[in-house]
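Enquirer: Before I ask anything, here is the structure I am working with.
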Amino acid sequence: MSQMTAKNEPSAFQRAMKKFLADFGLPRIIILVTFILLFVLAGVFGMNLPSFAGDVLRRWGMFGILVLAMVPAIQSGIGPNFGIPIGIVAGMVGAVLSIDMNHAGVFAFVADDGMRAFVQAMVAIVIGVAAAIPMGILYGMLLNRVKGSEMAITVYVGFGTVSLFNILWALFPVTASILILPATGRGLRQMINLNADFAGAFDQFWQFRLPIFEFGTMTVRPGLLLVFFFACFLMWLFTRSRLGMVMSAAGSNPSYARASGINVDKMRILGTTISTCLGAVGIVVYAQSFGFLQMYGAPMMHGFLVVAAVLIGGATIRRARVFDVLLGTFLFQGILVISLPLANVMLPDVAGVPEMLRLIITNGIILYALTKVKGGR
């Protein structure tokens with residue numbers, strides 16, 4: 001009998017694989033395999049793989065801090081923050097004011113162009129965070145009044161904020177001609193070119209081109225990645241600090257936290273405010289890498305993109321880690337970077353395929369995560 005029991009026991013390899021599947025997650029394995037297959041297919045069709053690799057790394061860094069904003073929101077108990085456009089518009093305010101100051105000669109004391117762009121980007125971040133703090137507090141107070149319906153409310157609040165700022169952008173008082181809409185002589189442009197301002201403020205540091213044998217050349221931007229990794233490191237430290245653990249406790253078990261003397265509402269406001277501030281920082285980092293600042297309705301769908309990215313990394317609507325941000329952003333942006341040009345090559349006669357694929361990937365990931373809310377398969 002003992003021999004039969006020993007024979008039926010799983011081997012060490014089977015136990016290790018079972019633990020790996022439980023920890024890493026089958027969905028993430030499937031998505032990772034999909035990313036690798038897309039990369040291989042791109043090589044089969046003769047596409048420039050080193051260029052794709054460099055673009056994946058660039059988009060990993062430029063989009064990462066926006067995704068990182070989901071961690072404090074989820075950990076504090078409000079769930080995925082679809083209202084991240086609130087933080088984004090605060091960052092846009094900082095960026096616009098910084099551009100206006102630059103063209104007024106405020107940063108003329110900095111002789112080096114690269115350092116001036118860096119200083120200008122930092123000023124935009126500081127102003128954006130200053131604007132995001134009161135907005136985040138008010139946003140958190142609102143969410144405390146709608147407990148249980150946060151996911152729906154955050155979507156509506158995000159859309160409403162973007163729509164409100166569409167009116168404000170049309171009336172925004174600026175003096176720099178690069179900002180003003182030429183047709184009317186007032187209000188802001190739809191797309192603001194940052195080449196004369198803080199474009200590449202972080203990308204430019206230690207940027208180099210790496211030849212990959214005969215396949216091509218990959219552009220690497222260590223400065224941009226270091227900014228992203230530093231923000232992740234600070235968030236990792238915060239989640240392990242006493243305040244961060246108290247906030248996580250309030251989000252994971254509000255009743256127990258309340259019985260332990262924790263002010264759950266204040267912790268929810270704290271998480272919402274930090275998330276909003278990270279949104280302000282993230283959009284400045286995104287814009288300097290993209291080279292343009294997109295105004296008006298551009299931030300409308302950013303909430304869905306960042307939520308999909310953190311969920312693809314393994315986060316749930318109740319728990320999120322910095323590792324989920326790192327992995328999820330890389331896989332999500334990697335799949336988009338490769339699949340959209342690949343679709344154009346494979347289906348050249350079908351219009352609109354890349355945009356359809358982007359919507360399918362983004363919303364499909366969110367839909368999958370929502371089916372897991374109550375433990376569904």
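Following the order of the structure tokens, first chain is A, next is B, and so on, with residues numbered from 1 inside each chain and ligands from 1 in the order they appear.
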Could you list, as a ChimeraX atom specification, every residue within 9 Å of range 259-264 of chain A, counting only C-alpha atoms and ignoring same-chain residues fewer than 2 positions away?

Expert: /A:76,246-247,249-251,254-257,266-269

Enquirer: Take the residues that were just selected and, keeping C-alpha atoms, output them as a tab-separated table (two decimals), in the first residue's frame.

Expert:
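Result saved to again-v1.tsv:
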```tsv
chain	number	residue	atom	x	y	z
A	76	SER	CA	-6.06	51.44	-0.71
A	246	VAL	CA	-1.60	50.51	7.06
A	247	MET	CA	-3.06	51.70	3.74
A	249	ALA	CA	-4.59	46.77	5.44
A	250	ALA	CA	-7.39	49.31	5.12
A	251	GLY	CA	-7.91	48.30	1.50
A	254	PRO	CA	-11.74	47.51	5.96
A	255	SER	CA	-13.74	46.02	8.83
A	256	TYR	CA	-10.68	44.57	10.57
A	257	ALA	CA	-8.69	47.75	9.90
A	266	LYS	CA	-8.27	58.66	5.20
A	267	MET	CA	-6.27	55.75	3.82
A	268	ARG	CA	-8.52	55.61	0.76
A	269	ILE	CA	-8.01	59.35	0.22
```

Enquirer: Here is a test: counting only C-alpha atoms, which residue of A:Val123, A:Val325, A:Ile137, A:Val44 is nearest to Phe233 in chain A?

Expert: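 Closest candidate: A:Val325.
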
Enquirer: Work out how far CA of Ser289 in chain A is from CA of Arg221 in chain A, in Å to one decimal.

Expert: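 Distance reported for this atom pair: 10.0 Å.
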
Enquirer: Which is closest to Ser163 in chain A among A:Tyr296, A:Phe35, A:Phe304, A:Tyr286, if we use only C-alpha atoms?

Expert: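 For Ser163 in chain A, the nearest of the candidates is A:Tyr296.
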
Enquirer: I'd like the neighbourhood of Ala130 in chain A as a PyMOL selection string, where a residue qualifies if any of its atoms comes within 10 Å (using only C-alpha atoms), though same-chain residues fewer than 5 positions away should be ignored.

Expert: chain A and resi 90-91+94+124-125+135+277+280

Enquirer: Suppose we keep N, CA and C atoms; can you now write the selection as a compact mmCIF listing (two decimals), in the first residue's frame?

Expert:
```txt
# COMPACT_ATOMS: atom_id res chain seq x y z
N ALA A 90 -3.96 67.27 -14.62
CA ALA A 90 -3.15 68.08 -13.70
C ALA A 90 -1.71 68.18 -14.22
N GLY A 91 -1.18 67.06 -14.71
CA GLY A 91 0.15 67.08 -15.30
C GLY A 91 0.21 67.92 -16.56
N GLY A 94 0.65 71.48 -15.61
CA GLY A 94 2.05 71.75 -15.32
C GLY A 94 2.89 71.86 -16.57
N ALA A 124 7.59 71.14 -14.79
CA ALA A 124 6.26 70.67 -15.19
C ALA A 124 5.74 69.61 -14.21
N ILE A 125 6.63 68.72 -13.76
CA ILE A 125 6.23 67.68 -12.81
C ILE A 125 5.84 68.29 -11.47
N MET A 135 -6.81 68.00 -6.21
CA MET A 135 -7.75 67.27 -7.05
C MET A 135 -7.89 65.82 -6.56
N CYS A 277 -1.34 61.90 -8.24
CA CYS A 277 -0.04 62.56 -8.42
C CYS A 277 0.85 61.78 -9.38
N ALA A 280 -0.05 62.58 -12.84
CA ALA A 280 0.51 63.86 -13.29
C ALA A 280 1.96 63.70 -13.71
```

Enquirer: What separation in Å, quoted to one decimal, exists between CA of Gln190 in chain A and CA of Met295 in chain A?

Expert: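 Distance reported for this atom pair: 5.1 Å.
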
Enquirer: Need to verify the contact set: Phe229 in chain A, 10 Å, only C-alpha atoms, exclusion of same-chain residues closer than 3 positions in sequence. Can you return it as a PDB file with C-alpha atoms, in the first residue's frame?

Expert:
```
ATOM      1  CA  GLY A  61       9.599  53.494 -19.785  1.00  0.00           C
ATOM      2  CA  GLY A  64       5.260  52.759 -16.937  1.00  0.00           C
ATOM      3  CA  ILE A  65       4.646  55.511 -14.374  1.00  0.00           C
ATOM      4  CA  GLY A 223      17.783  57.646 -18.726  1.00  0.00           C
ATOM      5  CA  LEU A 224      14.084  57.029 -19.392  1.00  0.00           C
ATOM      6  CA  LEU A 225      14.226  53.513 -17.913  1.00  0.00           C
ATOM      7  CA  LEU A 226      16.064  54.753 -14.812  1.00  0.00           C
ATOM      8  CA  CYS A 232       8.972  51.833  -8.988  1.00  0.00           C
ATOM      9  CA  PHE A 233      11.628  51.618  -6.271  1.00  0.00           C
ATOM     10  CA  LEU A 234      10.045  54.495  -4.341  1.00  0.00           C
ATOM     11  CA  MET A 235       6.637  52.845  -4.597  1.00  0.00           C
ATOM     12  CA  VAL A 322       5.241  46.789  -8.375  1.00  0.00           C
ATOM     13  CA  LEU A 326       6.866  46.035 -14.522  1.00  0.00           C
TER      14      LEU A 326
END
```

Enquirer: Compile the contact shell of Ala95 in chain A as number ranges by chain: residues with an atom at most 12 Å away, counting only C-alpha atoms, same-chain residues fewer than 6 positions apart removed.

Expert: A: 88-89, 101-102, 117, 119-129, 131, 179, 192-194, 197-199, 280-288, 292-295

Enquirer: Next, the residues of the selection above should be written as a short mmCIF file (atom, residue, chain, number, x, y, z; two decimals), in the first residue's frame with N, CA and C atoms.

Expert:
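selection33.cif, freshly written:
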```
data_model
loop_
_atom_site.label_atom_id
_atom_site.label_comp_id
_atom_site.auth_asym_id
_atom_site.auth_seq_id
_atom_site.Cartn_x
_atom_site.Cartn_y
_atom_site.Cartn_z
N ILE A 88 -3.82 63.07 -15.03
CA ILE A 88 -3.21 63.42 -16.31
C ILE A 88 -3.45 64.88 -16.66
N VAL A 89 -4.67 65.36 -16.48
CA VAL A 89 -4.94 66.77 -16.81
C VAL A 89 -4.19 67.71 -15.86
N MET A 101 6.46 79.33 -19.57
CA MET A 101 7.57 79.94 -18.85
C MET A 101 8.86 79.88 -19.67
N ASN A 102 9.07 78.77 -20.37
CA ASN A 102 10.28 78.62 -21.17
C ASN A 102 10.33 79.65 -22.29
N ALA A 117 16.05 71.34 -20.94
CA ALA A 117 14.88 70.47 -21.13
C ALA A 117 14.60 69.68 -19.86
N VAL A 119 15.39 70.55 -16.71
CA VAL A 119 14.85 71.47 -15.71
C VAL A 119 13.39 71.80 -16.01
N GLN A 120 13.09 72.01 -17.29
CA GLN A 120 11.72 72.34 -17.68
C GLN A 120 10.77 71.18 -17.38
N ALA A 121 11.21 69.96 -17.65
CA ALA A 121 10.37 68.79 -17.35
C ALA A 121 10.14 68.65 -15.86
N MET A 122 11.18 68.90 -15.05
CA MET A 122 11.03 68.80 -13.60
C MET A 122 10.08 69.87 -13.07
N VAL A 123 10.14 71.08 -13.64
CA VAL A 123 9.20 72.14 -13.25
C VAL A 123 7.77 71.74 -13.60
N ALA A 124 7.59 71.14 -14.79
CA ALA A 124 6.26 70.67 -15.19
C ALA A 124 5.74 69.61 -14.21
N ILE A 125 6.63 68.72 -13.76
CA ILE A 125 6.23 67.68 -12.81
C ILE A 125 5.84 68.29 -11.47
N VAL A 126 6.63 69.24 -10.99
CA VAL A 126 6.34 69.88 -9.70
C VAL A 126 5.00 70.61 -9.74
N ILE A 127 4.76 71.38 -10.79
CA ILE A 127 3.48 72.11 -10.91
C ILE A 127 2.33 71.11 -11.06
N GLY A 128 2.55 70.06 -11.85
CA GLY A 128 1.50 69.06 -12.05
C GLY A 128 1.14 68.37 -10.75
N VAL A 129 2.13 67.99 -9.95
CA VAL A 129 1.87 67.33 -8.67
C VAL A 129 1.15 68.29 -7.72
N ALA A 131 -0.87 70.63 -8.52
CA ALA A 131 -2.27 70.71 -8.95
C ALA A 131 -3.01 69.41 -8.66
N LEU A 179 1.77 77.64 -28.20
CA LEU A 179 0.64 77.05 -27.48
C LEU A 179 -0.71 77.49 -28.01
N ILE A 192 0.66 69.91 -29.18
CA ILE A 192 1.73 70.87 -28.92
C ILE A 192 3.07 70.18 -29.12
N ASN A 193 3.86 70.71 -30.05
CA ASN A 193 5.18 70.15 -30.34
C ASN A 193 6.16 70.55 -29.24
N LEU A 194 6.86 69.55 -28.69
CA LEU A 194 7.76 69.80 -27.57
C LEU A 194 9.23 69.87 -27.98
N ASP A 197 11.09 72.53 -26.44
CA ASP A 197 10.90 72.59 -24.99
C ASP A 197 11.55 71.37 -24.32
N PHE A 198 10.74 70.47 -23.75
CA PHE A 198 11.34 69.39 -22.98
C PHE A 198 11.21 68.01 -23.64
N ALA A 199 11.13 67.98 -24.98
CA ALA A 199 11.14 66.70 -25.68
C ALA A 199 12.47 65.98 -25.43
N ALA A 280 -0.05 62.58 -12.84
CA ALA A 280 0.51 63.86 -13.29
C ALA A 280 1.96 63.70 -13.71
N VAL A 281 2.74 62.95 -12.90
CA VAL A 281 4.14 62.70 -13.25
C VAL A 281 4.23 61.87 -14.53
N GLY A 282 3.38 60.85 -14.62
CA GLY A 282 3.42 59.93 -15.74
C GLY A 282 3.17 60.59 -17.08
N ILE A 283 2.25 61.55 -17.14
CA ILE A 283 1.94 62.15 -18.43
C ILE A 283 3.07 63.05 -18.90
N VAL A 284 3.82 63.67 -17.97
CA VAL A 284 4.97 64.49 -18.37
C VAL A 284 6.07 63.58 -18.94
N VAL A 285 6.31 62.44 -18.27
CA VAL A 285 7.30 61.49 -18.76
C VAL A 285 6.88 60.94 -20.12
N TYR A 286 5.60 60.64 -20.25
CA TYR A 286 5.06 60.13 -21.52
C TYR A 286 5.23 61.16 -22.64
N ALA A 287 4.88 62.42 -22.35
CA ALA A 287 4.92 63.46 -23.38
C ALA A 287 6.35 63.76 -23.83
N GLN A 288 7.31 63.80 -22.87
CA GLN A 288 8.67 64.12 -23.27
C GLN A 288 9.27 63.04 -24.17
N PHE A 292 5.30 65.12 -28.17
CA PHE A 292 4.13 65.99 -28.30
C PHE A 292 3.30 65.92 -27.03
N LEU A 293 2.60 67.00 -26.75
CA LEU A 293 1.63 67.03 -25.65
C LEU A 293 0.25 67.08 -26.28
N GLN A 294 -0.52 66.00 -26.13
CA GLN A 294 -1.84 65.91 -26.75
C GLN A 294 -2.89 66.45 -25.79
N MET A 295 -3.66 67.42 -26.24
CA MET A 295 -4.62 68.11 -25.39
C MET A 295 -6.05 67.62 -25.67
#
```

Enquirer: Which residues, written as a CSV table (one decimal) with C-alpha atoms, in the first residue's frame, have at least one atom at most 10 Å from Ser149 in chain A, with only C-alpha atoms counted and residues fewer than 6 positions away on the same chain left out?

Expert:
```
chain,number,residue,atom,x,y,z
A,78,ILE,CA,-10.8,51.9,-4.4
A,79,GLY,CA,-9.9,49.3,-7.1
A,143,LEU,CA,-15.1,57.9,-3.7
```

Enquirer: Considering only C-alpha atoms, state which residue in the set A:Arg145, A:Arg321, A:Arg189, A:Arg240 is at the smallest distance from Gly297 in chain A.

Expert: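 For Gly297 in chain A, the nearest of the given residues is A:Arg189.
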
Enquirer: Of the candidates A:Leu340, A:Ile133, A:Ile29, A:Leu66, which shows the shortest atom-to-atom distance to Leu359 in chain A, using only C-alpha atoms?

Expert: A:Leu340
